[in-house]
Amino acid sequence: LLGYIISDGSISENGIVLSQLRNNVVDDFIRIVKEQFDLESNVIEDSRSKNLVSVQVNSRILRDFIKYLGIDPQYKHVPRAIFRCAGREQTAEFIKGLTLDGFVSDDIVGVLTTTNYKLAKEVQMLLEQFGIDSGVVVANIEGTKRTFPSGINYKCKKAWTLYCGLNEAEKYVDYIGFAENRKTEEATSKLRRPSRKSLVGGVPNFNLRETFRK
């Protein structure tokens with residue numbers, strides 16, 4: 001839940017809000033809020049983009065609790081509760097929530113892209129707890145022009161991507177993964193490639209044994 005709010009959420013006057021394309025994350029957010037706080041969520045269509053919804057939870061008590069844990073979507077950072085109190089499983093779930101701003105390519109995993117360099121470096125520290133090496137690179141240069149799927153143009157702020165290279169990407173998928181099912185499926189298909197050579201006794205098998213027997 002905390003990762004979702006930092007990634008694509010906000011804190012309103014009366015509660016918390018998640019803006020997300022309609023997918024499994026919306027259902028997961030609603031489930032967590034119901035199971036952990038016994039609160040109902042309101043799903044409202046967002047006119048800014050097709051299939052975009054706002055999931056609103058009206059509870060000032062929950063709002064105050066989220067703030068107490070150190071969550072501020074306007075100033076994104078890893079809350080102290082994660083560093084001090086979270087176990088391995090909770091840390092993995094927190095990182096997974098942040099992957100709403102991540103991506104998968106043929107040879108790397110982008111864990112997240114953020115305009116807050118401190119957040120990228122803090123999550124990099126969390127990945128070290130799992131023995132996962134990662135890097136932080138500039139993703140956007142200040143003032144770069146991009147276009148939303150709706151056709152609206154906008155100027156980018158400077159942003160950084162926290163990423164894992166091929167071998168580390170496979171470890172990342174094993175230990176943590178993605179919140180969105182489509183990214184998990186994409187990572188599985190792109191990163192888990194079968195070896196072209198079967199191994200016998202640690203030596204590549206080019207079917208030489210069968211050839212010599214013939």
# chains A, B, ... in the order shown; residues from 1 in each chain; ligands from 1

$ select_by_dssp --residues "range 62-94 of chain A" --states "helix (DSSP H, G or I)" --output "MDAnalysis selection string"
chainID A and resid 62:68 80:85 88:94

$ closest_atom_pairs --of "range 92-140 of chain A" --to "range 152-174 of chain A" --cutoff "8 Å" --atoms "only C-alpha atoms" --output "tab-separated table"
residue	atom	partner	partner_atom	distance
A:Asp107	CA	A:Leu166	CA	5.0
A:Ile108	CA	A:Gly165	CA	4.7
A:Val109	CA	A:Cys164	CA	5.2
A:Gly110	CA	A:Tyr163	CA	4.3
A:Val111	CA	A:Tyr163	CA	5.5
A:Leu112	CA	A:Leu162	CA	5.6
A:Thr113	CA	A:Thr161	CA	4.2
A:Thr114	CA	A:Ala159	CA	5.3
A:Thr115	CA	A:Ala159	CA	4.1
A:Asn116	CA	A:Ala159	CA	7.0
A:Tyr117	CA	A:Trp160	CA	6.4
A:Ala120	CA	A:Leu162	CA	5.8
A:Lys121	CA	A:Leu162	CA	7.9
A:Gln124	CA	A:Leu162	CA	7.1
A:Ile132	CA	A:Glu168	CA	5.9
A:Asp133	CA	A:Glu168	CA	6.2
A:Ser134	CA	A:Cys164	CA	4.7
A:Gly135	CA	A:Tyr163	CA	5.5
A:Val136	CA	A:Leu162	CA	4.6
A:Val137	CA	A:Thr161	CA	5.5
A:Val138	CA	A:Trp160	CA	4.4
A:Ala139	CA	A:Trp160	CA	4.8
A:Asn140	CA	A:Ala159	CA	5.0

$ write_last_selection --atoms "N, CA and C atoms" --output "PDB file, in the first residue's frame"
ATOM      1  N   ASP A 107      16.886  -6.704 -21.882  1.00  0.00           N
ATOM      2  CA  ASP A 107      18.024  -7.114 -21.077  1.00  0.00           C
ATOM      3  C   ASP A 107      18.141  -6.399 -19.731  1.00  0.00           C
ATOM      4  N   ILE A 108      17.190  -5.548 -19.380  1.00  0.00           N
ATOM      5  CA  ILE A 108      17.234  -4.898 -18.070  1.00  0.00           C
ATOM      6  C   ILE A 108      15.830  -4.783 -17.490  1.00  0.00           C
ATOM      7  N   VAL A 109      15.801  -4.565 -16.196  1.00  0.00           N
ATOM      8  CA  VAL A 109      14.566  -4.244 -15.489  1.00  0.00           C
ATOM      9  C   VAL A 109      14.697  -2.827 -14.949  1.00  0.00           C
ATOM     10  N   GLY A 110      13.750  -1.969 -15.305  1.00  0.00           N
ATOM     11  CA  GLY A 110      13.689  -0.643 -14.704  1.00  0.00           C
ATOM     12  C   GLY A 110      12.789  -0.729 -13.482  1.00  0.00           C
ATOM     13  N   VAL A 111      13.377  -0.724 -12.309  1.00  0.00           N
ATOM     14  CA  VAL A 111      12.584  -0.877 -11.083  1.00  0.00           C
ATOM     15  C   VAL A 111      11.643   0.307 -10.915  1.00  0.00           C
ATOM     16  N   LEU A 112      12.168   1.502 -11.127  1.00  0.00           N
ATOM     17  CA  LEU A 112      11.338   2.704 -11.061  1.00  0.00           C
ATOM     18  C   LEU A 112      12.045   3.853 -11.756  1.00  0.00           C
ATOM     19  N   THR A 113      11.257   4.828 -12.193  1.00  0.00           N
ATOM     20  CA  THR A 113      11.773   6.084 -12.718  1.00  0.00           C
ATOM     21  C   THR A 113      11.165   7.200 -11.886  1.00  0.00           C
ATOM     22  N   THR A 114      11.995   8.092 -11.386  1.00  0.00           N
ATOM     23  CA  THR A 114      11.512   9.107 -10.454  1.00  0.00           C
ATOM     24  C   THR A 114      12.245  10.427 -10.646  1.00  0.00           C
ATOM     25  N   THR A 115      11.578  11.514 -10.298  1.00  0.00           N
ATOM     26  CA  THR A 115      12.216  12.829 -10.335  1.00  0.00           C
ATOM     27  C   THR A 115      12.954  13.107  -9.032  1.00  0.00           C
ATOM     28  N   ASN A 116      12.887  12.163  -8.099  1.00  0.00           N
ATOM     29  CA  ASN A 116      13.560  12.329  -6.808  1.00  0.00           C
ATOM     30  C   ASN A 116      14.765  11.396  -6.738  1.00  0.00           C
ATOM     31  N   TYR A 117      15.955  11.960  -6.887  1.00  0.00           N
ATOM     32  CA  TYR A 117      17.178  11.162  -6.887  1.00  0.00           C
ATOM     33  C   TYR A 117      17.361  10.417  -5.564  1.00  0.00           C
ATOM     34  N   ALA A 120      15.502   7.101  -5.518  1.00  0.00           N
ATOM     35  CA  ALA A 120      16.181   6.070  -6.301  1.00  0.00           C
ATOM     36  C   ALA A 120      17.346   5.463  -5.527  1.00  0.00           C
ATOM     37  N   LYS A 121      18.131   6.298  -4.865  1.00  0.00           N
ATOM     38  CA  LYS A 121      19.285   5.804  -4.109  1.00  0.00           C
ATOM     39  C   LYS A 121      18.851   5.026  -2.870  1.00  0.00           C
ATOM     40  N   GLN A 124      17.732   1.678  -3.990  1.00  0.00           N
ATOM     41  CA  GLN A 124      18.934   0.925  -4.333  1.00  0.00           C
ATOM     42  C   GLN A 124      19.533   0.280  -3.085  1.00  0.00           C
ATOM     43  N   ILE A 132      21.008  -7.819  -4.504  1.00  0.00           N
ATOM     44  CA  ILE A 132      20.774  -7.421  -5.890  1.00  0.00           C
ATOM     45  C   ILE A 132      21.553  -6.142  -6.195  1.00  0.00           C
ATOM     46  N   ASP A 133      22.461  -6.211  -7.161  1.00  0.00           N
ATOM     47  CA  ASP A 133      23.207  -5.033  -7.593  1.00  0.00           C
ATOM     48  C   ASP A 133      22.361  -4.245  -8.593  1.00  0.00           C
ATOM     49  N   SER A 134      22.399  -2.929  -8.489  1.00  0.00           N
ATOM     50  CA  SER A 134      21.608  -2.080  -9.377  1.00  0.00           C
ATOM     51  C   SER A 134      22.354  -0.787  -9.649  1.00  0.00           C
ATOM     52  N   GLY A 135      21.841  -0.015 -10.580  1.00  0.00           N
ATOM     53  CA  GLY A 135      22.451   1.264 -10.923  1.00  0.00           C
ATOM     54  C   GLY A 135      21.393   2.338 -11.077  1.00  0.00           C
ATOM     55  N   VAL A 136      21.838   3.587 -11.015  1.00  0.00           N
ATOM     56  CA  VAL A 136      20.941   4.733 -11.191  1.00  0.00           C
ATOM     57  C   VAL A 136      21.493   5.585 -12.326  1.00  0.00           C
ATOM     58  N   VAL A 137      20.654   5.835 -13.338  1.00  0.00           N
ATOM     59  CA  VAL A 137      21.072   6.633 -14.487  1.00  0.00           C
ATOM     60  C   VAL A 137      20.029   7.710 -14.767  1.00  0.00           C
ATOM     61  N   VAL A 138      20.455   8.756 -15.461  1.00  0.00           N
ATOM     62  CA  VAL A 138      19.522   9.824 -15.837  1.00  0.00           C
ATOM     63  C   VAL A 138      18.583   9.297 -16.913  1.00  0.00           C
ATOM     64  N   ALA A 139      17.277   9.462 -16.698  1.00  0.00           N
ATOM     65  CA  ALA A 139      16.269   8.987 -17.649  1.00  0.00           C
ATOM     66  C   ALA A 139      15.735  10.111 -18.520  1.00  0.00           C
ATOM     67  N   ASN A 140      15.525  11.266 -17.920  1.00  0.00           N
ATOM     68  CA  ASN A 140      15.010  12.427 -18.647  1.00  0.00           C
ATOM     69  C   ASN A 140      15.879  13.641 -18.340  1.00  0.00           C
TER      70      ASN A 140
END

$ residues_around --residues "range 42-51 of chain A" --least-positions-apart "4" --cutoff "6 Å" --atoms "only C-alpha atoms" --output "PyMOL selection string"
chain A and resi 21-22+55-56

$ write_last_selection --atoms "N, CA, C and O atoms" --output "PDB file, in the first residue's frame"
ATOM      1  N   LEU A  21      -4.350   2.967 -14.307  1.00  0.00           N
ATOM      2  CA  LEU A  21      -5.120   2.306 -15.347  1.00  0.00           C
ATOM      3  C   LEU A  21      -5.827   1.103 -14.731  1.00  0.00           C
ATOM      4  O   LEU A  21      -5.286   0.457 -13.842  1.00  0.00           O
ATOM      5  N   ARG A  22      -7.016   0.815 -15.203  1.00  0.00           N
ATOM      6  CA  ARG A  22      -7.786  -0.276 -14.620  1.00  0.00           C
ATOM      7  C   ARG A  22      -7.068  -1.604 -14.873  1.00  0.00           C
ATOM      8  O   ARG A  22      -7.001  -2.093 -15.997  1.00  0.00           O
ATOM      9  N   VAL A  55      -8.984   5.736  -7.487  1.00  0.00           N
ATOM     10  CA  VAL A  55      -9.531   4.940  -6.387  1.00  0.00           C
ATOM     11  C   VAL A  55      -9.426   5.791  -5.124  1.00  0.00           C
ATOM     12  O   VAL A  55      -8.321   6.074  -4.648  1.00  0.00           O
ATOM     13  N   GLN A  56     -10.554   6.197  -4.601  1.00  0.00           N
ATOM     14  CA  GLN A  56     -10.590   7.116  -3.466  1.00  0.00           C
ATOM     15  C   GLN A  56     -11.018   6.384  -2.200  1.00  0.00           C
ATOM     16  O   GLN A  56     -11.984   5.618  -2.208  1.00  0.00           O
TER      17      GLN A  56
END

$ residues_around --residues "Arg80 in chain A" --least-positions-apart "2" --cutoff "12 Å" --atoms "only C-alpha atoms" --output "list in words"
Leu2, Lys67, Tyr68, Leu69, Gly70, Ile71, His77, Val78, Ile82, Phe83, Arg84, Cys85, Ala86, Thr91 and Glu122 of chain A

$ residues_around --residues "range 59-64 of chain A" --least-positions-apart "2" --cutoff "7 Å" --atoms "only C-alpha atoms" --output "list in words"
Ile11, Asn14, Gly15, Ile16, Val57, Ile66, Lys67 and Tyr68 of chain A

$ write_last_selection --atoms "N, CA, C and O atoms" --output "compact mmCIF listing (two decimals), in the first residue's frame"
# COMPACT_ATOMS: atom_id res chain seq x y z
N ILE A 11 -2.34 12.12 -1.25
CA ILE A 11 -3.05 12.27 0.02
C ILE A 11 -3.95 13.49 -0.10
O ILE A 11 -3.47 14.60 -0.33
N ASN A 14 -9.40 14.48 2.66
CA ASN A 14 -10.27 13.53 3.36
C ASN A 14 -9.79 12.08 3.33
O ASN A 14 -10.48 11.20 3.84
N GLY A 15 -8.64 11.81 2.71
CA GLY A 15 -8.19 10.43 2.66
C GLY A 15 -7.01 10.23 1.73
O GLY A 15 -6.14 11.09 1.62
N ILE A 16 -7.02 9.09 1.03
CA ILE A 16 -5.94 8.78 0.09
C ILE A 16 -6.55 8.43 -1.27
O ILE A 16 -7.71 8.01 -1.36
N VAL A 57 -10.29 6.63 -1.13
CA VAL A 57 -10.63 6.08 0.18
C VAL A 57 -10.82 7.26 1.13
O VAL A 57 -9.85 7.97 1.45
N ILE A 66 -1.19 7.29 7.44
CA ILE A 66 -0.22 7.24 6.34
C ILE A 66 0.83 8.35 6.52
O ILE A 66 2.02 8.13 6.31
N LYS A 67 0.38 9.52 6.91
CA LYS A 67 1.32 10.63 7.14
C LYS A 67 2.24 10.31 8.31
O LYS A 67 3.44 10.62 8.28
N TYR A 68 1.69 9.68 9.34
CA TYR A 68 2.48 9.32 10.53
C TYR A 68 3.62 8.37 10.15
O TYR A 68 4.72 8.44 10.71

$ residues_around --residues "Glu180 in chain A" --least-positions-apart "2" --cutoff "10 Å" --atoms "only C-alpha atoms" --output "ChimeraX atom specification"
/A:23-26,28,96-97,99-100,102,177-178,182-185

$ write_last_selection --atoms "C-alpha atoms" --output "short mmCIF file (atom, residue, chain, number, x, y, z; two decimals), in the first residue's frame"
data_model
loop_
_atom_site.label_atom_id
_atom_site.label_comp_id
_atom_site.auth_asym_id
_atom_site.auth_seq_id
_atom_site.Cartn_x
_atom_site.Cartn_y
_atom_site.Cartn_z
CA ASN A 23 -5.79 -3.45 -13.93
CA ASN A 24 -4.97 -5.92 -11.15
CA VAL A 25 -3.31 -3.17 -9.08
CA VAL A 26 -6.66 -1.43 -8.65
CA ASP A 28 -5.13 -5.23 -5.02
CA LYS A 96 6.96 -4.01 -5.68
CA GLY A 97 4.45 -1.19 -5.11
CA THR A 99 7.24 -0.58 -9.78
CA LEU A 100 4.15 1.17 -11.12
CA GLY A 102 9.02 0.72 -13.69
CA GLY A 177 8.92 -8.83 -9.06
CA PHE A 178 6.29 -6.35 -10.22
CA ARG A 182 1.51 -7.58 -17.41
CA LYS A 183 5.02 -6.53 -16.33
CA THR A 184 5.55 -9.83 -14.52
CA GLU A 185 4.54 -11.75 -17.66
#

$ closest_residue --among "A:Ile5, A:Ala81, A:Ala187, A:Leu127" --to "Leu98 in chain A" --atoms "only C-alpha atoms"
A:Ile5

$ select_by_dssp --residues "range 41-183 of chain A" --states "strand (DSSP E)" --output "number ranges by chain"
A: 42-45, 52-58, 103-104, 109-114, 135-140, 145-147, 153-155, 159-164

$ closest_residue --among "A:Asp27, A:Ile32, A:Gln20, A:Asp72" --to "Leu52 in chain A" --atoms "only C-alpha atoms"
A:Gln20

$ closest_residue --among "A:Leu126, A:Leu39, A:Ser19, A:Asp106" --to "Gln90 in chain A" --atoms "only C-alpha atoms"
A:Leu126

$ closest_residue --among "A:Leu119, A:Gln36, A:Glu186, A:Ile176" --to "Gly131 in chain A" --atoms "only C-alpha atoms"
A:Ile176
